[in-house]
Amino acid sequence: MVHQMADNAKRLCKRKRAGENGTEEIKKKTTKIQNRTTAESDIRQSSQIHPKHVPVFTINPESNPCAVTYEQLSELINYAVLGKVRSSLPSWCQVHKQEELKGVAVIVLHGVSQMHFYSYYLQFKQLKKTFRFRFSMPPPPDDFLLRIFGTEKLLPQDKSPIVNGNDATTQYNYCTKGDNSCGPSDVDSHPIIVKYGRKKQGLTSFLLSQEELMKNDYPVTGSPHSDGFVQSGCTAKVTDNSPLLGLDCEMCLTTKGSELTRVSVVSADGRCVMDELVKPDNPILNYLTRFSGITKKMLMPVKTKLRDVQAKLKKILPSDAVLVGHSLNNDLNALKMIHPNVIDTSLLYARDLGQRFKLKVLARSVLGKEIQSKEMVGHDASEDARTALELAQYFINEGPMKVAKLNLENFQAKQPAGDNFTAQSDSRSQTNRLLGYLKANCSKVDGFLGTPSFHCGSLVNKLGTHDQKAVLLGTSKAVKELIHQEAWHKIECKTDKEIVQQAQTEIPVASLSLSHFTSYSEYSECNLNMKIHEGLLHEKMRQKLSEMCTVYAGPFCKDFCLTSVEKTFQNCGSISSFSVITETHKPYVHIEYALPESAHLAVLTLNGSIMGRFPITVQRPIKESTLDCDRVLKKLENDIINRTVIYVSGIQQTLTKKHLNDKFSKFGHIEAIICPGDDVDAKPQDCFIKYGSLESALKAQAAMNGQKVRKQRLNVLRALTPYHLQSWVAQRSYTALNPRTSDPLALERCSFEKRKEKLSQCEQELKNLMSTIDRRAGRLFRALPNNTLCMVLLPGTNSAQCSAPGLCLLEIKQDP
């Protein structure tokens with residue numbers, strides 16, 4: 001009887017536990033259904049806006065919604081024009097109903113940058129209203145059109161086209177004899193002599209400059225593409241006696257792209273001082289064993305992570321260390337490390353047209369040694385690091401003259417076909433160079449690898465073979481400097497106005513069109529004040545952003561609690577600086593926030609509030625430059641790309657992005673959560689949430705504003721800052737916004753007020769010019785057929801005077 005009662009009790013407990021578990025399961029399923037329902041409602045809303053047979057552009061959830069590279073633009077254009085049968089899917093975005101696209105129209109506003117767009121924000125009425133997608137682009141290299149279209153610049157008259165790495169007639173006008181010798185007149189035109197001169201120099205003469213680092217895609221402090229990277233800590237001044245260390249890395253392909261699997265460092269005497277295997281943070285899709293030599297078995301016992309090798313490398317590097325490698329930008333990006341002092345042997349042994357020798361060819365021709373033999377499975381990282389180091393030492397010890405006389409071009413021409421160079425862009429990563437092989441051999445990663453490896457002109461040539469038309473419109477100067485393939489139908493125009501007129505008849509019948517506007521660049525070349533203006537424009541933009549992020553609050557009683565006031569204002573967002581002003585009769589405080597939204601929120605919520613028994617006033621600084629601040633903020637709030645974005649502040653440090661997603665996803669499908677700095681494991685104090693529809697954003701704002709989450713009151717309002725600009729605003733000292741000048745004291749010799757007088761001479765002219773450019777681009781867009789993918793590129797600037805990031809505006813044309 002007792003046993004029977006015990007059995008009954010056990011059965012009852014089991015049923016009770018099963019019932020509790022069942023209730024939890026039902027709750028989980030209900031939550032999933034609610035989330036799915038809200039996402040589906042957003043999709044239904046978007047489908048109502050976009051009918052069934054209309055192409056739609058979307059960004060993949062795991063992709064960066066704020067920035068885009070030239071290679072990614074190339075992926076999109078190739079897929080949009082050629083379709084999935086003749087091209088791969090883009091890795092970062094999707095074009096639904098691609099087969100309905102009528103064509104792709106690209107408009108380039110030469111010389112115009114992201115800084116110009118936001119400095120003259122009120123003038124760009126058409127572009128800011130029409131294009132829903134905006135992405136930051138890095139400062140443009142000389143060959144940015146090559147990277148986007150697979151097109152080439154015209155060869156100089158004394159050079160002829162190159163075929164498979166060999167010259168078609170006489171490739172160069174130097175060192176063309178059959179032996180390995182050059183005459184005195186020939187060697188002067190050698191690219192190495194042109195770049196470095198004839199005399200021997202110390203190693204400091206061969207370090208990459210800041211401009212060269214940026215042009216060749218090296219990680220640089222402040223760059224949007226270097227967020228989360230660590231500094232090497234090598235800050236001491238480099239001399240000709242500083243230590244050289246060779247570095248080489250091997251990578252694999254993971255679900256997040258290319259990740260580090262091995263790093264080797266070799267000292268100046270050839271000793272291997274570091275050789276570590278690294279376990280990637282993400283699941284591995286392909287070990288790339290044929291190239292890296294890394295196998296699954298090798299990485300099985302490895303526990304070393306990226307952060308471990310970063311720490312070890314920082315310890316072993318001397319404070320004035322110079323790192324040497326072959327295309328070292330790939331290695332430093334894989335290491336996620338910024339190092340200022342670099343010698344890149346792929347650039348050191350210079351060639352014309354931006355081409356590069358393979359490390360294997362240089363080892364054989366300069367050092368007389370064989371590396372990367374066919375018998376080896378993959379590359380040996382320590383061997384490659386040692387070889388690059390020896391090449392740099394040879395160049396420094398023997399001098400440019402001896403290297404030029406080696407006549408490496410003739411040696412290159414005699415190599416087996418497999419050793420010939422490939423004419424790829426300078427910054428093409430090792431992963432991109434392997435894509436062709438992977439697509440043929442790794443079917444399970446084919447969907448992940450969306451980047452096609454196109455050779456020069458391949459897109460345009462493919463159009464020609466399928467009776468599709470590619471049209472180039474521009475001034476005679478632009479056409480000559482751009483593309484020379486016969487497949488392009490080139491139309492020379494005298495002015496930008498004529499380009500728009502011609503485009504209205506030519507573009508509708510073209511599958512691909514490139515309209516090149518040059519009115520701004522022509523104006524800046526003719527105007528003597530433009531160099532001064534460009535530098536001052538950077539300064540003015542930083543000042544404007546700082547003023548939009550600043551508020552003054554007061555008056556306070558003399559014994560007020562500073563900590564309490566700071567904590568109150570901190571609820572509105574991250575504070576960059578906080579100080580007390582004592583020059584007034586009663587003390588005021590000056591608060592500069594990291595973002596304009598925080599300052600706007602402080603004015604809206606804290607103005608007139610009681611602090612220390614007295615009401616305070618919270619106001620913006622009052623200057624000439626801030627008189628139109630309210631109008632600018634209103635325009636920003638109504639900006640088409642901010643419509644579905646909300647700003648959230650007052651977030652507790654214990655809340656992660658995942659927690660925020662759980663809290664806010666019940667109002668609709670969330671496309672992205674963007675935090676200033678945007679680390680993967682960030683615990684934000686404030687952030688931006690982008691919804692799939694305006695209705696979801698408004699619901700979230702109404703429901704969550706003022707709500708307490710973990711005893712912290714949230715503040716929610718409409719976003720003001722376009723989400724691709726958050727890192728730019730948060731890092732107002734970003735070097736890519738700073739003017740460069742050969743005379744660093746030039747800007748210090750006269751006050752900003754005096755320099756501002758020179759700026760005002762061309763300020764009004766520039767406003768009118770930007771309005772004209774905006775109208776012409778808008779007119780061209782309106783002339784496009786429906787279902788045309790339109791891309792407006794503001795390439796940015798990258799010169800000796802200044803460097804600024806570009807901006808890509810993207811939209812599929814649809815009549816309202």
# chains A, B, ... in the order shown; residues from 1 in each chain; ligands from 1

call {"tool": "residues_around", "arguments": {"residues": "Thr644 in chain A", "least_positions_apart": "2", "cutoff": "10 Å", "atoms": "only C-alpha atoms", "output": "PyMOL selection string"}}
result
chain A and resi 639-642+646+670-671+689-698+718-719

call {"tool": "write_last_selection", "arguments": {"atoms": "all heavy atoms", "output": "tab-separated table (two decimals), in the first residue's frame"}}
result
chain	number	residue	atom	x	y	z
A	639	ASP	N	14.69	63.20	-42.43
A	639	ASP	CA	15.49	62.57	-43.49
A	639	ASP	C	14.95	61.17	-43.77
A	639	ASP	O	14.59	60.42	-42.85
A	639	ASP	CB	16.96	62.48	-43.03
A	639	ASP	CG	17.90	62.16	-44.18
A	639	ASP	OD1	17.64	61.16	-44.89
A	639	ASP	OD2	18.88	62.88	-44.37
A	640	ILE	N	14.91	60.81	-45.05
A	640	ILE	CA	14.29	59.54	-45.46
A	640	ILE	C	14.95	58.33	-44.82
A	640	ILE	O	14.30	57.33	-44.52
A	640	ILE	CB	14.29	59.43	-47.00
A	640	ILE	CG1	13.40	58.27	-47.45
A	640	ILE	CG2	15.70	59.31	-47.56
A	640	ILE	CD1	13.14	58.26	-48.94
A	641	ILE	N	16.27	58.40	-44.56
A	641	ILE	CA	16.94	57.23	-43.97
A	641	ILE	C	16.82	57.18	-42.45
A	641	ILE	O	17.21	56.19	-41.83
A	641	ILE	CB	18.42	57.13	-44.39
A	641	ILE	CG1	19.25	58.22	-43.74
A	641	ILE	CG2	18.58	57.12	-45.88
A	641	ILE	CD1	20.73	57.98	-43.91
A	642	ASN	N	16.28	58.26	-41.83
A	642	ASN	CA	16.06	58.26	-40.38
A	642	ASN	C	14.63	57.92	-40.00
A	642	ASN	O	14.32	57.81	-38.81
A	642	ASN	CB	16.42	59.63	-39.80
A	642	ASN	CG	17.90	59.86	-39.72
A	642	ASN	OD1	18.68	58.91	-39.66
A	642	ASN	ND2	18.31	61.12	-39.72
A	646	ILE	N	15.16	54.83	-34.38
A	646	ILE	CA	14.96	55.53	-33.11
A	646	ILE	C	16.27	55.54	-32.33
A	646	ILE	O	17.14	54.69	-32.52
A	646	ILE	CB	13.85	54.87	-32.26
A	646	ILE	CG1	14.19	53.39	-31.95
A	646	ILE	CG2	12.50	55.00	-32.92
A	646	ILE	CD1	13.25	52.75	-30.95
A	670	ILE	N	13.38	44.14	-36.38
A	670	ILE	CA	14.55	45.01	-36.23
A	670	ILE	C	15.59	44.64	-37.27
A	670	ILE	O	16.03	43.48	-37.35
A	670	ILE	CB	15.16	44.88	-34.81
A	670	ILE	CG1	14.17	45.46	-33.78
A	670	ILE	CG2	16.50	45.60	-34.72
A	670	ILE	CD1	14.62	45.32	-32.34
A	671	GLU	N	15.99	45.62	-38.08
A	671	GLU	CA	17.00	45.38	-39.11
A	671	GLU	C	18.42	45.51	-38.56
A	671	GLU	O	19.33	44.80	-38.99
A	671	GLU	CB	16.81	46.35	-40.28
A	671	GLU	CG	15.53	46.09	-41.07
A	671	GLU	CD	15.44	46.97	-42.30
A	671	GLU	OE1	16.34	47.81	-42.51
A	671	GLU	OE2	14.45	46.83	-43.05
A	689	ILE	N	18.24	52.03	-33.08
A	689	ILE	CA	17.54	50.81	-33.48
A	689	ILE	C	16.80	51.11	-34.79
A	689	ILE	O	15.97	52.02	-34.85
A	689	ILE	CB	16.55	50.33	-32.40
A	689	ILE	CG1	17.31	50.03	-31.10
A	689	ILE	CG2	15.79	49.10	-32.88
A	689	ILE	CD1	16.42	49.62	-29.94
A	690	LYS	N	17.14	50.35	-35.82
A	690	LYS	CA	16.51	50.53	-37.14
A	690	LYS	C	15.46	49.45	-37.34
A	690	LYS	O	15.76	48.26	-37.33
A	690	LYS	CB	17.57	50.47	-38.24
A	690	LYS	CG	17.00	50.61	-39.65
A	690	LYS	CD	18.10	50.68	-40.69
A	690	LYS	CE	17.55	50.61	-42.11
A	690	LYS	NZ	16.58	51.66	-42.40
A	691	TYR	N	14.22	49.88	-37.53
A	691	TYR	CA	13.11	48.96	-37.76
A	691	TYR	C	12.86	48.79	-39.25
A	691	TYR	O	13.35	49.55	-40.08
A	691	TYR	CB	11.84	49.49	-37.08
A	691	TYR	CG	11.79	49.24	-35.58
A	691	TYR	CD1	12.17	50.23	-34.68
A	691	TYR	CD2	11.38	48.01	-35.08
A	691	TYR	CE1	12.12	49.99	-33.31
A	691	TYR	CE2	11.33	47.77	-33.72
A	691	TYR	CZ	11.71	48.76	-32.84
A	691	TYR	OH	11.67	48.52	-31.49
A	692	GLY	N	12.02	47.78	-39.55
A	692	GLY	CA	11.68	47.52	-40.93
A	692	GLY	C	10.60	48.43	-41.47
A	692	GLY	O	10.40	48.52	-42.68
A	693	SER	N	9.87	49.13	-40.58
A	693	SER	CA	8.80	50.02	-41.04
A	693	SER	C	8.68	51.21	-40.10
A	693	SER	O	9.09	51.17	-38.94
A	693	SER	CB	7.46	49.27	-41.09
A	693	SER	OG	7.01	48.98	-39.78
A	694	LEU	N	8.09	52.29	-40.61
A	694	LEU	CA	7.86	53.49	-39.81
A	694	LEU	C	6.88	53.21	-38.67
A	694	LEU	O	7.06	53.70	-37.56
A	694	LEU	CB	7.31	54.60	-40.72
A	694	LEU	CG	6.88	55.90	-40.04
A	694	LEU	CD1	8.05	56.56	-39.33
A	694	LEU	CD2	6.27	56.87	-41.06
A	695	GLU	N	5.87	52.41	-38.94
A	695	GLU	CA	4.87	52.10	-37.91
A	695	GLU	C	5.52	51.44	-36.69
A	695	GLU	O	5.22	51.80	-35.55
A	695	GLU	CB	3.79	51.19	-38.50
A	695	GLU	CG	2.66	50.89	-37.53
A	695	GLU	CD	1.62	49.93	-38.09
A	695	GLU	OE1	1.73	49.57	-39.28
A	695	GLU	OE2	0.72	49.54	-37.33
A	696	SER	N	6.44	50.50	-36.93
A	696	SER	CA	7.12	49.81	-35.82
A	696	SER	C	7.96	50.80	-35.01
A	696	SER	O	7.99	50.75	-33.78
A	696	SER	CB	8.00	48.70	-36.36
A	696	SER	OG	7.24	47.74	-37.04
A	697	ALA	N	8.64	51.70	-35.70
A	697	ALA	CA	9.48	52.68	-35.01
A	697	ALA	C	8.64	53.61	-34.14
A	697	ALA	O	9.01	53.91	-32.99
A	697	ALA	CB	10.28	53.49	-36.04
A	698	LEU	N	7.49	54.06	-34.67
A	698	LEU	CA	6.62	54.95	-33.89
A	698	LEU	C	6.02	54.23	-32.69
A	698	LEU	O	5.89	54.82	-31.60
A	698	LEU	CB	5.51	55.50	-34.79
A	698	LEU	CG	5.96	56.44	-35.92
A	698	LEU	CD1	4.78	56.82	-36.80
A	698	LEU	CD2	6.61	57.69	-35.34
A	718	ARG	N	13.14	60.11	-32.05
A	718	ARG	CA	13.50	59.88	-33.45
A	718	ARG	C	14.97	60.20	-33.66
A	718	ARG	O	15.50	61.16	-33.11
A	718	ARG	CB	12.65	60.76	-34.37
A	718	ARG	CG	11.17	60.42	-34.37
A	718	ARG	CD	10.83	59.31	-35.35
A	718	ARG	NE	11.10	59.73	-36.72
A	718	ARG	CZ	10.26	60.47	-37.44
A	718	ARG	NH1	9.13	60.91	-36.92
A	718	ARG	NH2	10.55	60.77	-38.70
A	719	ALA	N	15.65	59.41	-34.46
A	719	ALA	CA	17.07	59.62	-34.73
A	719	ALA	C	17.29	60.87	-35.56
A	719	ALA	O	16.47	61.23	-36.40
A	719	ALA	CB	17.65	58.40	-35.43

call {"tool": "closest_residue", "arguments": {"among": "A:Phe133, A:Leu347, A:Asp380, A:Val230", "to": "Arg307 in chain A", "atoms": "only C-alpha atoms"}}
result
A:Val230

call {"tool": "residues_around", "arguments": {"residues": "Asn241 in chain A", "least_positions_apart": "6", "cutoff": "12 Å", "atoms": "only C-alpha atoms", "output": "NGL selection string"}}
result
:A and (201-204 or 268 or 320-322 or 396)

call {"tool": "residues_around", "arguments": {"residues": "Pro61 in chain A", "least_positions_apart": "5", "cutoff": "9 Å", "atoms": "only C-alpha atoms", "output": "MDAnalysis selection string"}}
result
chainID A and resid 92:93 671:672

call {"tool": "write_last_selection", "arguments": {"atoms": "all heavy atoms", "output": "mmCIF file, in the first residue's frame"}}
result
data_model
loop_
_atom_site.group_PDB
_atom_site.id
_atom_site.type_symbol
_atom_site.label_atom_id
_atom_site.label_comp_id
_atom_site.auth_asym_id
_atom_site.auth_seq_id
_atom_site.Cartn_x
_atom_site.Cartn_y
_atom_site.Cartn_z
ATOM 1 N N TRP A 92 26.786 40.725 -49.221
ATOM 2 C CA TRP A 92 26.371 41.660 -48.171
ATOM 3 C C TRP A 92 24.940 42.170 -48.314
ATOM 4 O O TRP A 92 24.422 42.827 -47.417
ATOM 5 C CB TRP A 92 27.310 42.870 -48.167
ATOM 6 C CG TRP A 92 27.274 43.654 -49.447
ATOM 7 C CD1 TRP A 92 27.825 43.311 -50.646
ATOM 8 C CD2 TRP A 92 26.641 44.918 -49.667
ATOM 9 N NE1 TRP A 92 27.572 44.269 -51.598
ATOM 10 C CE2 TRP A 92 26.860 45.276 -51.025
ATOM 11 C CE3 TRP A 92 25.906 45.790 -48.855
ATOM 12 C CZ2 TRP A 92 26.374 46.453 -51.573
ATOM 13 C CZ3 TRP A 92 25.424 46.968 -49.407
ATOM 14 C CH2 TRP A 92 25.670 47.288 -50.749
ATOM 15 N N CYS A 93 24.281 41.876 -49.438
ATOM 16 C CA CYS A 93 22.941 42.415 -49.668
ATOM 17 C C CYS A 93 22.157 41.470 -50.578
ATOM 18 O O CYS A 93 22.690 40.475 -51.073
ATOM 19 C CB CYS A 93 23.015 43.802 -50.293
ATOM 20 S SG CYS A 93 23.757 43.793 -51.952
ATOM 21 N N GLU A 671 15.989 45.623 -38.081
ATOM 22 C CA GLU A 671 17.002 45.376 -39.107
ATOM 23 C C GLU A 671 18.416 45.506 -38.560
ATOM 24 O O GLU A 671 19.325 44.804 -38.993
ATOM 25 C CB GLU A 671 16.809 46.354 -40.278
ATOM 26 C CG GLU A 671 15.534 46.092 -41.074
ATOM 27 C CD GLU A 671 15.437 46.971 -42.304
ATOM 28 O OE1 GLU A 671 16.335 47.810 -42.515
ATOM 29 O OE2 GLU A 671 14.454 46.828 -43.050
ATOM 30 N N ALA A 672 18.610 46.419 -37.605
ATOM 31 C CA ALA A 672 19.963 46.599 -37.060
ATOM 32 C C ALA A 672 19.888 47.351 -35.742
ATOM 33 O O ALA A 672 18.994 48.185 -35.528
ATOM 34 C CB ALA A 672 20.848 47.362 -38.038
#

call {"tool": "residues_around", "arguments": {"residues": "Ile371 in chain A", "least_positions_apart": "4", "cutoff": "8 Å", "atoms": "only C-alpha atoms", "output": "list of chain:residue names"}}
result
A:Lys360, A:Ala363, A:Arg364, A:Glu383, A:Asp384

call {"tool": "write_last_selection", "arguments": {"atoms": "N, CA and C atoms", "output": "PDB file, in the first residue's frame"}}
result
ATOM      1  N   LYS A 360      57.058  34.624 -54.498  1.00  0.00           N
ATOM      2  CA  LYS A 360      57.796  33.477 -55.036  1.00  0.00           C
ATOM      3  C   LYS A 360      58.750  33.916 -56.152  1.00  0.00           C
ATOM      4  N   ALA A 363      61.676  35.951 -54.643  1.00  0.00           N
ATOM      5  CA  ALA A 363      62.621  35.067 -53.947  1.00  0.00           C
ATOM      6  C   ALA A 363      63.567  34.404 -54.940  1.00  0.00           C
ATOM      7  N   ARG A 364      63.022  33.971 -56.061  1.00  0.00           N
ATOM      8  CA  ARG A 364      63.833  33.266 -57.056  1.00  0.00           C
ATOM      9  C   ARG A 364      64.758  34.232 -57.797  1.00  0.00           C
ATOM     10  N   GLU A 383      58.610  30.782 -43.398  1.00  0.00           N
ATOM     11  CA  GLU A 383      59.447  30.888 -44.588  1.00  0.00           C
ATOM     12  C   GLU A 383      59.091  32.156 -45.372  1.00  0.00           C
ATOM     13  N   ASP A 384      57.799  32.443 -45.520  1.00  0.00           N
ATOM     14  CA  ASP A 384      57.370  33.642 -46.236  1.00  0.00           C
ATOM     15  C   ASP A 384      57.790  34.910 -45.493  1.00  0.00           C
TER      16      ASP A 384
END

call {"tool": "select_by_dssp", "arguments": {"residues": "range 255-401 of chain A", "states": "alpha helix (DSSP H)", "output": "short mmCIF file (atom, residue, chain, number, x, y, z; two decimals) with N, CA and C atoms, in the first residue's frame"}}
result
data_model
loop_
_atom_site.label_atom_id
_atom_site.label_comp_id
_atom_site.auth_asym_id
_atom_site.auth_seq_id
_atom_site.Cartn_x
_atom_site.Cartn_y
_atom_site.Cartn_z
N THR A 289 43.51 24.70 -47.13
CA THR A 289 44.75 23.96 -46.89
C THR A 289 45.72 24.09 -48.05
N ARG A 290 45.19 24.12 -49.26
CA ARG A 290 46.07 24.20 -50.44
C ARG A 290 46.96 25.44 -50.39
N PHE A 291 46.46 26.52 -49.76
CA PHE A 291 47.22 27.76 -49.71
C PHE A 291 47.82 28.00 -48.32
N SER A 292 47.06 27.69 -47.27
CA SER A 292 47.52 28.01 -45.92
C SER A 292 48.34 26.90 -45.28
N LYS A 296 42.29 20.64 -40.45
CA LYS A 296 41.40 20.50 -39.29
C LYS A 296 42.11 19.83 -38.13
N LYS A 297 42.92 18.83 -38.44
CA LYS A 297 43.66 18.10 -37.41
C LYS A 297 44.62 19.01 -36.66
N MET A 298 45.27 19.94 -37.38
CA MET A 298 46.23 20.84 -36.74
C MET A 298 45.55 21.76 -35.73
N LEU A 299 44.32 22.22 -36.04
CA LEU A 299 43.65 23.18 -35.16
C LEU A 299 42.82 22.54 -34.05
N LEU A 306 42.67 34.88 -30.96
CA LEU A 306 43.23 36.08 -31.57
C LEU A 306 43.78 37.03 -30.51
N ARG A 307 43.03 37.25 -29.43
CA ARG A 307 43.47 38.19 -28.39
C ARG A 307 44.77 37.72 -27.73
N ASP A 308 44.99 36.38 -27.68
CA ASP A 308 46.22 35.86 -27.08
C ASP A 308 47.44 36.21 -27.93
N VAL A 309 47.32 36.03 -29.26
CA VAL A 309 48.47 36.34 -30.12
C VAL A 309 48.68 37.84 -30.22
N GLN A 310 47.60 38.61 -30.11
CA GLN A 310 47.75 40.06 -30.11
C GLN A 310 48.58 40.50 -28.90
N ALA A 311 48.25 39.94 -27.74
CA ALA A 311 48.98 40.29 -26.51
C ALA A 311 50.44 39.85 -26.60
N LYS A 312 50.68 38.65 -27.11
CA LYS A 312 52.05 38.14 -27.21
C LYS A 312 52.87 38.97 -28.19
N LEU A 313 52.25 39.33 -29.31
CA LEU A 313 52.96 40.12 -30.32
C LEU A 313 53.33 41.50 -29.76
N LYS A 314 52.43 42.11 -29.00
CA LYS A 314 52.72 43.41 -28.41
C LYS A 314 53.89 43.33 -27.43
N LYS A 315 54.04 42.18 -26.77
CA LYS A 315 55.14 42.02 -25.82
C LYS A 315 56.49 41.88 -26.51
N ILE A 316 56.54 41.14 -27.63
CA ILE A 316 57.83 40.86 -28.26
C ILE A 316 58.29 41.97 -29.20
N LEU A 328 51.41 43.25 -46.65
CA LEU A 328 51.27 43.13 -45.20
C LEU A 328 49.92 43.63 -44.71
N ASN A 329 49.19 44.40 -45.53
CA ASN A 329 47.87 44.88 -45.12
C ASN A 329 46.93 43.72 -44.81
N ASN A 330 47.04 42.63 -45.59
CA ASN A 330 46.19 41.45 -45.33
C ASN A 330 46.48 40.85 -43.96
N ASP A 331 47.76 40.78 -43.62
CA ASP A 331 48.17 40.17 -42.35
C ASP A 331 47.73 41.01 -41.16
N LEU A 332 47.93 42.34 -41.25
CA LEU A 332 47.54 43.21 -40.13
C LEU A 332 46.03 43.26 -39.97
N ASN A 333 45.29 43.20 -41.08
CA ASN A 333 43.82 43.14 -40.97
C ASN A 333 43.37 41.83 -40.34
N ALA A 334 44.04 40.72 -40.67
CA ALA A 334 43.71 39.44 -40.05
C ALA A 334 44.04 39.46 -38.56
N LEU A 335 45.14 40.13 -38.20
CA LEU A 335 45.54 40.25 -36.79
C LEU A 335 44.68 41.27 -36.04
N THR A 345 57.05 44.69 -49.14
CA THR A 345 57.93 44.33 -50.26
C THR A 345 57.18 44.26 -51.59
N SER A 346 55.87 44.06 -51.55
CA SER A 346 55.11 44.06 -52.81
C SER A 346 55.04 45.47 -53.41
N LEU A 347 55.21 46.51 -52.58
CA LEU A 347 55.25 47.89 -53.04
C LEU A 347 56.69 48.39 -53.17
N LEU A 348 57.58 47.83 -52.36
CA LEU A 348 58.99 48.23 -52.39
C LEU A 348 59.61 47.94 -53.76
N LEU A 359 55.68 37.00 -54.28
CA LEU A 359 56.80 36.74 -53.37
C LEU A 359 57.69 35.63 -53.90
N LYS A 360 57.06 34.62 -54.50
CA LYS A 360 57.80 33.48 -55.04
C LYS A 360 58.75 33.92 -56.15
N VAL A 361 58.29 34.83 -57.01
CA VAL A 361 59.11 35.31 -58.13
C VAL A 361 60.27 36.15 -57.61
N LEU A 362 60.01 37.03 -56.63
CA LEU A 362 61.08 37.85 -56.06
C LEU A 362 62.12 36.99 -55.35
N ALA A 381 54.36 29.90 -43.26
CA ALA A 381 54.29 31.32 -42.85
C ALA A 381 55.65 31.84 -42.42
N SER A 382 56.42 31.03 -41.68
CA SER A 382 57.74 31.49 -41.22
C SER A 382 58.70 31.66 -42.40
N GLU A 383 58.61 30.78 -43.40
CA GLU A 383 59.45 30.89 -44.59
C GLU A 383 59.09 32.16 -45.37
N ASP A 384 57.80 32.44 -45.52
CA ASP A 384 57.37 33.64 -46.24
C ASP A 384 57.79 34.91 -45.49
N ALA A 385 57.67 34.90 -44.15
CA ALA A 385 58.09 36.05 -43.35
C ALA A 385 59.59 36.29 -43.49
N ARG A 386 60.37 35.21 -43.44
CA ARG A 386 61.83 35.32 -43.57
C ARG A 386 62.22 35.83 -44.96
N THR A 387 61.52 35.35 -45.99
CA THR A 387 61.82 35.77 -47.36
C THR A 387 61.54 37.25 -47.56
N ALA A 388 60.39 37.72 -47.07
CA ALA A 388 60.06 39.15 -47.18
C ALA A 388 61.09 40.00 -46.45
N LEU A 389 61.52 39.54 -45.28
CA LEU A 389 62.53 40.26 -44.51
C LEU A 389 63.86 40.34 -45.28
N GLU A 390 64.30 39.22 -45.87
CA GLU A 390 65.55 39.20 -46.63
C GLU A 390 65.46 40.10 -47.87
N LEU A 391 64.28 40.16 -48.50
CA LEU A 391 64.10 41.03 -49.65
C LEU A 391 64.24 42.51 -49.26
N ALA A 392 63.66 42.87 -48.11
CA ALA A 392 63.78 44.25 -47.64
C ALA A 392 65.24 44.57 -47.28
N GLN A 393 65.91 43.63 -46.61
CA GLN A 393 67.32 43.85 -46.25
C GLN A 393 68.19 44.00 -47.50
N TYR A 394 67.93 43.19 -48.53
CA TYR A 394 68.69 43.28 -49.78
C TYR A 394 68.48 44.65 -50.42
N PHE A 395 67.25 45.10 -50.47
CA PHE A 395 66.91 46.38 -51.10
C PHE A 395 67.62 47.53 -50.37
N ILE A 396 67.58 47.50 -49.03
CA ILE A 396 68.19 48.58 -48.24
C ILE A 396 69.72 48.55 -48.37
N ASN A 397 70.32 47.36 -48.29
CA ASN A 397 71.78 47.23 -48.31
C ASN A 397 72.38 47.51 -49.69
N GLU A 398 71.71 47.04 -50.74
CA GLU A 398 72.26 47.18 -52.09
C GLU A 398 71.83 48.48 -52.77
N PRO A 400 68.52 51.11 -54.49
CA PRO A 400 67.57 51.03 -55.61
C PRO A 400 68.23 50.78 -56.96
N MET A 401 69.44 51.34 -57.16
CA MET A 401 70.10 51.24 -58.45
C MET A 401 70.38 49.79 -58.82
#

call {"tool": "residues_around", "arguments": {"residues": "Glu811 in chain A", "least_positions_apart": "3", "cutoff": "10 Å", "atoms": "only C-alpha atoms", "output": "MDAnalysis selection string"}}
result
chainID A and resid 56:57 130:134 781 787:792 814
